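As structure tokens, the structure follows; a few thoughts come after it.
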Protein chains: 2
Amino acid sequence: MARGISKAAVIGGGVIGGGWVARLINAGCAVSVFDPNPDAAAGIEAVLARNHSAQLRLWPGQAPRRGKIHYATSIAEAVAGAELVQESVPERMELKQAVHAEIGAALEAGAVVGSSTSGLLPSIIQKNMPNGDRMLAAHPYNPVYLLPVVEIVGGDRTAPDAVARALEIYTAIGMVPVHIKKEIDAFVGDRLLEAMWRESLWLVRDGVASAGEIDDVVRYGLGLRFAQMGQFMTYRLGGGAGGFRHFLEQFAPSLTWPWTRLMDVPEWNDALVERIVAESDAHAEGLSVDELERIRDNNLVDFLKVLAANDWGAGRALQNPVAASLDEKMPETMLEEMFDGDKLVPWRGRVEDDWTDYNNHMTEYRYLHVFSLATDELLLACGGGAGYVAQGFSFYTAETHIRHIDEVAAGAEIYVETRVFSDGGKKLHLFHAMYAVDGAGDGGHLLATGEHLLLHVDMAAGRAVPMPASIAEAFVRIAKSQAGRDLPQGMGAGISMNKTKKATN
Amino acid sequence: MARGISKAAVIGGGVIGGGWVARLINAGCAVSVFDPNPDAAAGIEAVLARNHSAQLRLWPGQAPRRGKIHYATSIAEAVAGAELVQESVPERMELKQAVHAEIGAALEAGAVVGSSTSGLLPSIIQKNMPNGDRMLAAHPYNPVYLLPVVEIVGGDRTAPDAVARALEIYTAIGMVPVHIKKEIDAFVGDRLLEAMWRESLWLVRDGVASAGEIDDVVRYGLGLRFAQMGQFMTYRLGGGAGGFRHFLEQFAPSLTWPWTRLMDVPEWNDALVERIVAESDAHAEGLSVDELERIRDNNLVDFLKVLAANDWGAGRALQNPVAASLDEKMPETMLEEMFDGDKLVPWRGRVEDDWTDYNNHMTEYRYLHVFSLATDELLLACGGGAGYVAQGFSFYTAETHIRHIDEVAAGAEIYVETRVFSDGGKKLHLFHAMYAVDGAGDGGHLLATGEHLLLHVDMAAGRAVPMPASIAEAFVRIAKSQAGRDLPQGMGAGISMNKTKKATN
């Protein structure tokens with residue numbers, strides 16, 4: 001079993017650095033981030049919001065797992081205690097070397113330093129770096145939190161056991177490391193992309209096809225194959241009864257055919273740039289980069305689910321974070337962080353785009369989805385999470401009563417505030433109130449209430465039993481702290497035909 | 001609206017020709033096939049068997065649509081009466097020219113001839129052909145019955161209206177024709193593939209990475225992106241706030257970097273062939289070509305379903321062959337069909353694989369999902385479906401009370417039986433009971449109950465109003481027919497701390 005890591009550092013917080021933060025917290029790893037740009041945190045939070053949506057889609061009915069994030073004020077502070085340091089600063093050799101010198105000076109014994117470089121040689125980056133034998137290239141693909149591949153390339157000084165440890169760490173955080181045996185410019189994937197890109201530029205420049213038409217040939221055809229099989233495997237299927245050798249021999253002559261303009265490089269000028277931009281604008285159908293990223297992530301998540309269900313390719317690398325067992329360290333501070341003053345707020349999030357009905361309002365059953373996410377978070381914080389369930393006990397919902405108060409549209413920020421009623425016995429009575437965050441003021445406005453009766457169950461015995469003292473103590477403490485308040489409106493009520501309420505669908 | 005075709009001819013019945021036969025019969029088109037090889041029919045039947053499996057997976061619960069297949073004994077016989085002739089014979093120019101001369105001589109007026117050639121120029125194929133103005137290249141990707149793209153390339157003699165008709169026909173059979181504006185060797189897609197292939201061969205030859213490792217970089221990374229977006233769109237997302245122009249300008253210098261060996265062609269020799277074959281064998285994990293094709297088709301079908309659900313890329317081209325004819329009959333007979341004896345059963349289905357939690361039991365909020373599906377079906381059957389909502393009225397859920405009785409695992413068949421309480425005014429009170437279908441006997445066992453109060457709302461006025469007579473009549477009729485029975489257990493009850501029930505999570 002691969003040894004995971006509990007603390008990592010991310011140096012450089014752009015799109016790739018932010019993607020690494022997301023990938024690491026998804027694996028339950030605490031992350032210390034350093035980026036000198038004061039805007040970096042906002043950019044990282046934007047990536048984390050996309051990642052949060054992706055995780056909800058990937059593991060429906062499950063509260064996304066999160067390692068803690070700390071914004072450090074120096075490279076040395078970020079690197080202290082980290083078992084993995086992932087560098088994702090801009091692709092300038094002098095900058096890389098300077099940053100790695102600082103990383104190496106602060107590096108823990110046994111830690112590994114991965115550079116996200118797309119093609120700068122690790123031998124040159126690590127040349128004068130302290131602890132340079134722990135450094136290697138670890139080149140991911142965007143979005144890092146969804147695409148599993150990472151190209152591992154050692155340099156002249158890289159120690160074999162640093163490579164071995166890197167393979168172990170990246171595997172443990174749900175990635176597929178591919179160890180490239182020789183250090184060459186651009187490694188493997190970017191060489192393939194560069195080859196396609198050069199050919200594509202010629203096709204546009206020569207007026208054979210537009211940027212959009214070239215993209216269509218990819219996404220309606222060969223790209224659908226590449227999501228599951230590379231080119232060698234694809235061609236292997238073309239060999240028929242004669243086998244792959246037969247196919248290769250048939251293919252050989254085409255290498256000398258005039259099927260390419262790759263022998264030359266198209267001249268890069270303003271006219272070509274403007275042409276590509278205009279053609280790409282037309283192809284994008286007015287969708288913003290933000291919208292395209294959301295579409296991309298939704299498709300990627302669904303492809304990964306397909307591949308996992310079919311036990312193939314990237315689906316095999318998918319790790320359900322709840323199935324892993326890193327939860328134990330979470331509860332300590334988690335419960336305190338759920339309190340907003342004296343309000344217990346176990347869940348905050350947004351109305352996802354695919355949670356809505358044809359009126360663009362949150363659809364009925366997603367109200368219960370949100371309430372169940374809030375319940376799961378609260379259980380986790382009180383010691384009743386997946387780690388506890390693995391011991392054979394669980395909280396089962398016996399009854400639910402939902403009152404719909406108002407509608408809410410896709411994209412709205414929402415949160416759940418919770419009242420706990422429990423004497424620490426077999427029963428846990430929760431009253432959730434879901435609010436939309438309004439533009440001004442504190443609080444928000446009430447969307448729905450969810451009243452739930454849960455039973456603490458010994459799953460093997462198949463019956464309700466009292467909670468253990470550790471969990472009971474947490475719930476009783478919350479219940480007592482809230483005991484002086486009025487009972488929530490609607491609590492304990494049944495449905496009758498005499499009610500008239502403002503309603504939502 | 002595109003005019004489809006009712007009869008097509010397929011000349012050449014290899015993997016590509018067989019794929020065309022499948023694509024055409026899926027669209028309900030009769031196909032006449034000619035191939036001089038006596039083994040061709042067996043090969044076509046093998047492709048059709050794979051296509052049949054794919055169609056069952058693509059449209060579950062629906063009998064695959066099939067056009068008729070006729071094996072002709074000559075090109076002239078096959079071509080007679082065909083509106084589309086698709087040629088897929090081996091890639092030798094003399095053979096192509098001879099076959100097209102025969103096709104042209106037998107061609108119907110207004111018909112179109114498409115060649116599946118991967119790159120032979122249509123101008124040369126059509127040069128001395130009778131009716132050569134009706135001929136063009138129509139290059140598909142394997143498997144033709146699943147991948148929608150087809151590259152359309154006219155030659156010197158090709159008439160513009162033959163191109164227009166070809167675009168119409170290929171669209172009508174569920175494909176995405178991309179019209180290539182200039183006739184060049186290998187067209188567009190094969191140029192991109194050839195560029196990647198050359199680079200890949202260098203990487204293997206130089207010992208940088210194995211065939212399997214190169215394939216892994218594709219299928220775990222860049223290939224997942226290409227199933228939905230081509231390279232231009234992918235890079236567009238990399239531009240960030242600076243836009244695509246900024247990205248292109250940053251990318252420009254890399255064109256002159258030494259990131260490629262494409263300027264040269266690797267020497268093709270036995271040692272390289274043996275090396276690739278051995279590496280590919282290792283990567284195939286002992287799976288036969290037949291098994292790999294099944295895996296590929298399953299993945300492709302599931303990708304297409306994902307993309308259709310997300311209304312994106314290749315999913316948009318997906319045409320359900322029977323969807324068009326299903327709509328009309330709905331409300332009139334739908335309500336009667338919901339009655340199983342005197343039981344009203346508005347919904348039957350199964351617990352989907354992604355509806356479960358880590359215990360493999362249906363997760364909490366999917367209970368409400370199932371109840372809401374049952375409500376939607378019942379509303380549709382009583383005249384309150386999407387068409388009614390479009391008129392500005394809707395049924396909004398005001399309250400829900402769920403009682404969990406038992407757990408249910410993924411794959412279980414379940415159904416919802418419903419009691420209706422309504423006097424046809426503003427309110428609709430439903431009591432759903434969800435059952436699992438047991439192996440023996442009638443009925444099933446109770447999983448949960450869902451009690452719902454819905455209000456009939458005038459959406460523009462924002463208030464509850466009485467239902468129209470047509471809808472009220474249906475609900476009152478159901479309510480009266482059920483009026484003699486006992487009230488369901490648990491109806492009208494609220495949640496109290498004094499209840500103990502068998503429970504589920």
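Residue names in the structure tokens use chain letters A, B, ... in the order shown, residue numbers from 1 in each chain, and ligand numbers from 1 in the order shown.
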Practice item. Can you check the Cα RMSD once chain A has been least-squares fitted onto chain B over every paired atom, in order? Key: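 The fitted C-alpha deviation between chain B and chain A is 8.9 Å.
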Exercise for review: Write out as an MDAnalysis selection string each polymer residue whose atoms come within 12 Å of segment 309-311 of chain B, counting only C-alpha atoms; drop sequence neighbours fewer than 2 positions from it.
Suggested key: (chainID A and resid 294:303 353:354) or (chainID B and resid 228 302:307 313:318)
Grab the residues selected above and save them as an mmCIF file, in the first residue's frame with N, CA and C atoms.
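File result_38.cif, as written:
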```cif
data_model
loop_
_atom_site.group_PDB
_atom_site.id
_atom_site.type_symbol
_atom_site.label_atom_id
_atom_site.label_comp_id
_atom_site.auth_asym_id
_atom_site.auth_seq_id
_atom_site.Cartn_x
_atom_site.Cartn_y
_atom_site.Cartn_z
ATOM 1 N N ARG A 294 -16.568 25.164 -16.714
ATOM 2 C CA ARG A 294 -17.596 24.401 -16.000
ATOM 3 C C ARG A 294 -18.067 23.222 -16.847
ATOM 4 N N ILE A 295 -18.281 23.492 -18.149
ATOM 5 C CA ILE A 295 -18.696 22.421 -19.069
ATOM 6 C C ILE A 295 -17.614 21.346 -19.132
ATOM 7 N N ARG A 296 -16.361 21.782 -19.273
ATOM 8 C CA ARG A 296 -15.246 20.831 -19.328
ATOM 9 C C ARG A 296 -15.205 19.951 -18.072
ATOM 10 N N ASP A 297 -15.312 20.594 -16.908
ATOM 11 C CA ASP A 297 -15.228 19.826 -15.663
ATOM 12 C C ASP A 297 -16.388 18.847 -15.531
ATOM 13 N N ASN A 298 -17.593 19.296 -15.881
ATOM 14 C CA ASN A 298 -18.739 18.377 -15.819
ATOM 15 C C ASN A 298 -18.518 17.174 -16.723
ATOM 16 N N ASN A 299 -18.047 17.433 -17.944
ATOM 17 C CA ASN A 299 -17.792 16.321 -18.868
ATOM 18 C C ASN A 299 -16.702 15.405 -18.331
ATOM 19 N N LEU A 300 -15.618 16.001 -17.821
ATOM 20 C CA LEU A 300 -14.512 15.176 -17.303
ATOM 21 C C LEU A 300 -14.976 14.311 -16.141
ATOM 22 N N VAL A 301 -15.725 14.903 -15.224
ATOM 23 C CA VAL A 301 -16.233 14.118 -14.090
ATOM 24 C C VAL A 301 -17.062 12.943 -14.600
ATOM 25 N N ASP A 302 -17.936 13.226 -15.555
ATOM 26 C CA ASP A 302 -18.819 12.165 -16.045
ATOM 27 C C ASP A 302 -18.033 11.113 -16.825
ATOM 28 N N PHE A 303 -16.993 11.526 -17.561
ATOM 29 C CA PHE A 303 -16.125 10.540 -18.232
ATOM 30 C C PHE A 303 -15.440 9.654 -17.186
ATOM 31 N N ASP A 353 -25.327 23.960 -11.007
ATOM 32 C CA ASP A 353 -26.112 24.185 -12.225
ATOM 33 C C ASP A 353 -27.014 23.012 -12.581
ATOM 34 N N ASP A 354 -26.583 21.797 -12.247
ATOM 35 C CA ASP A 354 -27.422 20.651 -12.616
ATOM 36 C C ASP A 354 -28.338 20.227 -11.464
ATOM 37 N N GLN B 228 -13.965 16.023 -25.704
ATOM 38 C CA GLN B 228 -14.998 17.061 -25.637
ATOM 39 C C GLN B 228 -14.575 18.382 -26.247
ATOM 40 N N ASP B 302 -20.955 5.127 -23.486
ATOM 41 C CA ASP B 302 -21.178 5.851 -22.230
ATOM 42 C C ASP B 302 -20.703 7.304 -22.325
ATOM 43 N N PHE B 303 -19.614 7.542 -23.070
ATOM 44 C CA PHE B 303 -19.190 8.934 -23.307
ATOM 45 C C PHE B 303 -20.283 9.689 -24.069
ATOM 46 N N LEU B 304 -20.842 9.051 -25.091
ATOM 47 C CA LEU B 304 -21.881 9.715 -25.891
ATOM 48 C C LEU B 304 -23.097 10.033 -25.027
ATOM 49 N N LYS B 305 -23.447 9.121 -24.121
ATOM 50 C CA LYS B 305 -24.589 9.375 -23.233
ATOM 51 C C LYS B 305 -24.293 10.550 -22.297
ATOM 52 N N VAL B 306 -23.070 10.578 -21.770
ATOM 53 C CA VAL B 306 -22.649 11.700 -20.921
ATOM 54 C C VAL B 306 -22.770 13.014 -21.697
ATOM 55 N N LEU B 307 -22.239 13.013 -22.913
ATOM 56 C CA LEU B 307 -22.227 14.252 -23.694
ATOM 57 C C LEU B 307 -23.643 14.651 -24.102
ATOM 58 N N GLY B 313 -20.900 18.700 -27.528
ATOM 59 C CA GLY B 313 -20.077 17.925 -28.454
ATOM 60 C C GLY B 313 -20.840 16.798 -29.136
ATOM 61 N N ALA B 314 -20.205 15.638 -29.175
ATOM 62 C CA ALA B 314 -20.747 14.510 -29.918
ATOM 63 C C ALA B 314 -22.123 14.090 -29.408
ATOM 64 N N GLY B 315 -22.446 14.417 -28.166
ATOM 65 C CA GLY B 315 -23.765 14.072 -27.633
ATOM 66 C C GLY B 315 -24.887 14.793 -28.341
ATOM 67 N N ARG B 316 -24.578 15.952 -28.894
ATOM 68 C CA ARG B 316 -25.611 16.722 -29.593
ATOM 69 C C ARG B 316 -26.033 16.064 -30.895
ATOM 70 N N ALA B 317 -25.141 15.247 -31.458
ATOM 71 C CA ALA B 317 -25.459 14.609 -32.736
ATOM 72 C C ALA B 317 -26.251 13.324 -32.534
ATOM 73 N N LEU B 318 -26.373 12.892 -31.285
ATOM 74 C CA LEU B 318 -27.020 11.618 -31.000
ATOM 75 C C LEU B 318 -28.521 11.712 -31.269
#
```
Review point. DSSP on the backbone: what in segment 277-485 of chain B comes out helix (DSSP H, G or I), as a PyMOL selection string?
Key: chain B and resi 277-283+289-309+313-317+323-326+330-337+353-355+364-381+386-389+469-481
**Study point:** Spatial neighbours of segment 376-390 of chain B, max dist 7 Å, only C-alpha atoms, sep filter under 6 positions, as a PyMOL selection string
**Key:** chain B and resi 331+334-335+346-347+471+474
Keeping C-alpha atoms for every residue in the selection just given, could you write it to a file as an mmCIF file, in the first residue's frame?
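That gives us selection_3.cif:
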```cif
data_model
loop_
_atom_site.group_PDB
_atom_site.id
_atom_site.type_symbol
_atom_site.label_atom_id
_atom_site.label_comp_id
_atom_site.auth_asym_id
_atom_site.auth_seq_id
_atom_site.Cartn_x
_atom_site.Cartn_y
_atom_site.Cartn_z
ATOM 1 C CA PRO B 331 -51.388 11.873 -21.640
ATOM 2 C CA MET B 334 -50.746 7.255 -19.878
ATOM 3 C CA LEU B 335 -53.007 7.523 -16.841
ATOM 4 C CA PRO B 346 -46.943 6.172 -11.444
ATOM 5 C CA TRP B 347 -43.281 5.129 -11.448
ATOM 6 C CA ILE B 471 -56.751 18.510 -14.350
ATOM 7 C CA ALA B 474 -58.460 13.565 -13.218
#
```
Show which residues sit within 6 Å of Lys426 of chain B, as an mmCIF file with N, CA and C atoms, in the first residue's frame. Count only C-alpha atoms, and ignore same-chain residues fewer than 6 positions away.
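As written to disk, result.cif reads:
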```cif
data_model
loop_
_atom_site.group_PDB
_atom_site.id
_atom_site.type_symbol
_atom_site.label_atom_id
_atom_site.label_comp_id
_atom_site.auth_asym_id
_atom_site.auth_seq_id
_atom_site.Cartn_x
_atom_site.Cartn_y
_atom_site.Cartn_z
ATOM 1 N N LEU B 455 -49.238 22.646 -4.036
ATOM 2 C CA LEU B 455 -50.188 23.717 -4.308
ATOM 3 C C LEU B 455 -50.169 24.024 -5.800
ATOM 4 N N HIS B 456 -51.353 24.234 -6.361
ATOM 5 C CA HIS B 456 -51.446 24.630 -7.772
ATOM 6 C C HIS B 456 -51.268 26.138 -7.854
ATOM 7 N N VAL B 465 -53.897 29.034 -6.894
ATOM 8 C CA VAL B 465 -55.239 29.215 -7.495
ATOM 9 C C VAL B 465 -55.824 27.825 -7.755
ATOM 10 N N PRO B 466 -57.159 27.721 -7.902
ATOM 11 C CA PRO B 466 -57.745 26.388 -8.163
ATOM 12 C C PRO B 466 -57.233 25.800 -9.480
ATOM 13 N N MET B 467 -57.132 24.482 -9.511
ATOM 14 C CA MET B 467 -56.723 23.796 -10.752
ATOM 15 C C MET B 467 -57.798 24.000 -11.816
#
```
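In this comparison, which uses only C-alpha atoms, the residue of A:Asp340, A:Glu168, A:Asp290, A:Glu352 approaching chain B most closely is A:Asp290.
Taking atom CA of Val420 of chain A and atom CA of Ala374 of chain A as endpoints, the distance between them is 12.2 Å.
Neighbours of Ala138 of chain B closer than or equal to 9 Å, with only C-alpha atoms counted and sequence neighbours fewer than 2 positions away skipped, come out as Gln86, Val113, Gly114, Ser115, Ser116, Thr117, Ser118, Leu136, Pro140, Val150, Glu151, Ile152, Val153, Gly154, Ala166 and Pro177 of chain B.
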Practice item. Do a neighbour search on Met135 of chain A at 12 Å with only C-alpha atoms, toss out local chain neighbours closer than 6 positions, and write the hits as number ranges by chain. Key: A: 84-87, 96-97, 100-101, 103-104, 107, 110-116, 121-129, 152-166
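In this structure, atom CA of Val188 of chain A sits 23.2 Å away from atom CA of Leu203 of chain A.
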Practice item. Using only C-alpha atoms, find the one residue out of A:Asn37, A:Gln250, A:Ser470, A:Thr234 that sits nearest to Ala72 of chain A. Key: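 Nearest candidate to Ala72 of chain A out of A:Asn37, A:Gln250, A:Ser470, A:Thr234: A:Asn37.
Atom pair atom CA of Val416 of chain B / atom CA of Tyr358 of chain A: separated by 23.2 Å.
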Check your understanding: Near Ile16 of chain A, counting only C-alpha atoms, which residues have an atom at most 10 Å away, once you skip same-chain residues fewer than 4 positions from it, shown as number ranges by chain?
Key -> A: 10, 12, 20-22, 44, 47, 87-89, 116, 139-145
Pull C-alpha atoms from the residues just selected and write them as a compact mmCIF listing (two decimals), in the first residue's frame.
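The resulting out04.txt:
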```txt
# COMPACT_ATOMS: atom_id res chain seq x y z
CA VAL A 10 2.44 24.36 -3.08
CA GLY A 12 3.09 29.27 -7.01
CA TRP A 20 -2.52 21.06 -7.07
CA VAL A 21 -4.03 22.59 -3.91
CA ALA A 22 -7.40 21.12 -4.90
CA ILE A 44 -6.86 29.66 -5.89
CA VAL A 47 -10.12 26.91 -8.71
CA GLU A 87 6.45 24.08 -7.53
CA SER A 88 4.31 25.72 -10.24
CA VAL A 89 5.91 29.12 -10.89
CA SER A 116 5.21 21.29 -12.65
CA HIS A 139 4.34 17.61 -14.89
CA PRO A 140 0.52 17.46 -14.57
CA TYR A 141 -2.28 18.30 -17.00
CA ASN A 142 -4.97 20.91 -16.46
CA PRO A 143 -7.32 20.59 -14.56
CA VAL A 144 -5.00 18.92 -12.06
CA TYR A 145 -7.85 17.98 -9.71
```
Check your understanding: Which of these residues is nearest to Ser200 of chain B, using only C-alpha atoms: B:Leu373, B:Lys182, B:Phe421, B:Leu272?
Key ->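 Among B:Leu373, B:Lys182, B:Phe421, B:Leu272, it is B:Leu272 that comes nearest to Ser200 of chain B.
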Practice item. Could you tell me, as a PyMOL selection string, which residues of segment 371-462 of chain A DSSP assigns to strand (DSSP E or B) when given the backbone? Key: chain A and resi 393-404+409+413-421+427-436+445-458
Residue selection dump (C-alpha atoms) as an mmCIF file, in the first residue's frame:
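part_16.cif, freshly written:
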```cif
data_model
loop_
_atom_site.group_PDB
_atom_site.id
_atom_site.type_symbol
_atom_site.label_atom_id
_atom_site.label_comp_id
_atom_site.auth_asym_id
_atom_site.auth_seq_id
_atom_site.Cartn_x
_atom_site.Cartn_y
_atom_site.Cartn_z
ATOM 1 C CA PHE A 393 -21.964 1.857 13.608
ATOM 2 C CA SER A 394 -23.924 4.512 11.785
ATOM 3 C CA PHE A 395 -26.660 7.104 12.129
ATOM 4 C CA TYR A 396 -29.706 6.099 10.080
ATOM 5 C CA THR A 397 -32.402 8.586 9.132
ATOM 6 C CA ALA A 398 -35.795 7.354 10.286
ATOM 7 C CA GLU A 399 -37.911 10.362 9.345
ATOM 8 C CA THR A 400 -37.657 13.623 7.472
ATOM 9 C CA HIS A 401 -40.033 16.574 7.345
ATOM 10 C CA ILE A 402 -39.302 19.285 4.785
ATOM 11 C CA ARG A 403 -41.122 22.613 4.623
ATOM 12 C CA HIS A 404 -40.495 24.619 1.434
ATOM 13 C CA ALA A 409 -31.869 29.786 -8.500
ATOM 14 C CA GLU A 413 -24.825 30.820 -2.285
ATOM 15 C CA ILE A 414 -26.636 28.897 0.402
ATOM 16 C CA TYR A 415 -25.939 27.570 3.865
ATOM 17 C CA VAL A 416 -27.555 25.373 6.480
ATOM 18 C CA GLU A 417 -27.967 26.400 10.121
ATOM 19 C CA THR A 418 -28.733 23.567 12.510
ATOM 20 C CA ARG A 419 -30.450 23.036 15.847
ATOM 21 C CA VAL A 420 -29.539 19.843 17.691
ATOM 22 C CA PHE A 421 -31.885 18.013 20.071
ATOM 23 C CA LYS A 427 -31.799 9.283 18.994
ATOM 24 C CA LEU A 428 -30.507 12.376 17.270
ATOM 25 C CA HIS A 429 -33.111 14.980 16.374
ATOM 26 C CA LEU A 430 -31.867 17.684 13.967
ATOM 27 C CA PHE A 431 -33.649 20.755 12.708
ATOM 28 C CA HIS A 432 -31.904 22.264 9.667
ATOM 29 C CA ALA A 433 -32.779 25.657 8.207
ATOM 30 C CA MET A 434 -31.501 26.426 4.704
ATOM 31 C CA TYR A 435 -30.785 30.040 3.877
ATOM 32 C CA ALA A 436 -29.761 31.945 0.755
ATOM 33 C CA HIS A 445 -33.412 34.504 3.845
ATOM 34 C CA LEU A 446 -35.044 31.231 4.686
ATOM 35 C CA LEU A 447 -35.552 28.755 1.831
ATOM 36 C CA ALA A 448 -36.656 25.599 3.595
ATOM 37 C CA THR A 449 -36.494 23.693 6.851
ATOM 38 C CA GLY A 450 -35.576 20.035 7.262
ATOM 39 C CA GLU A 451 -36.442 18.199 10.448
ATOM 40 C CA HIS A 452 -34.793 14.792 10.807
ATOM 41 C CA LEU A 453 -34.954 11.960 13.289
ATOM 42 C CA LEU A 454 -31.799 9.814 13.174
ATOM 43 C CA LEU A 455 -31.113 6.635 15.089
ATOM 44 C CA HIS A 456 -27.686 5.478 16.181
ATOM 45 C CA VAL A 457 -27.479 1.919 14.897
ATOM 46 C CA ASP A 458 -25.253 -1.084 15.517
#
```
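Using only C-alpha atoms, the nearest neighbour of chain A within the list B:Ala209, B:Val408, B:Val437, B:Ala483 is B:Ala209.
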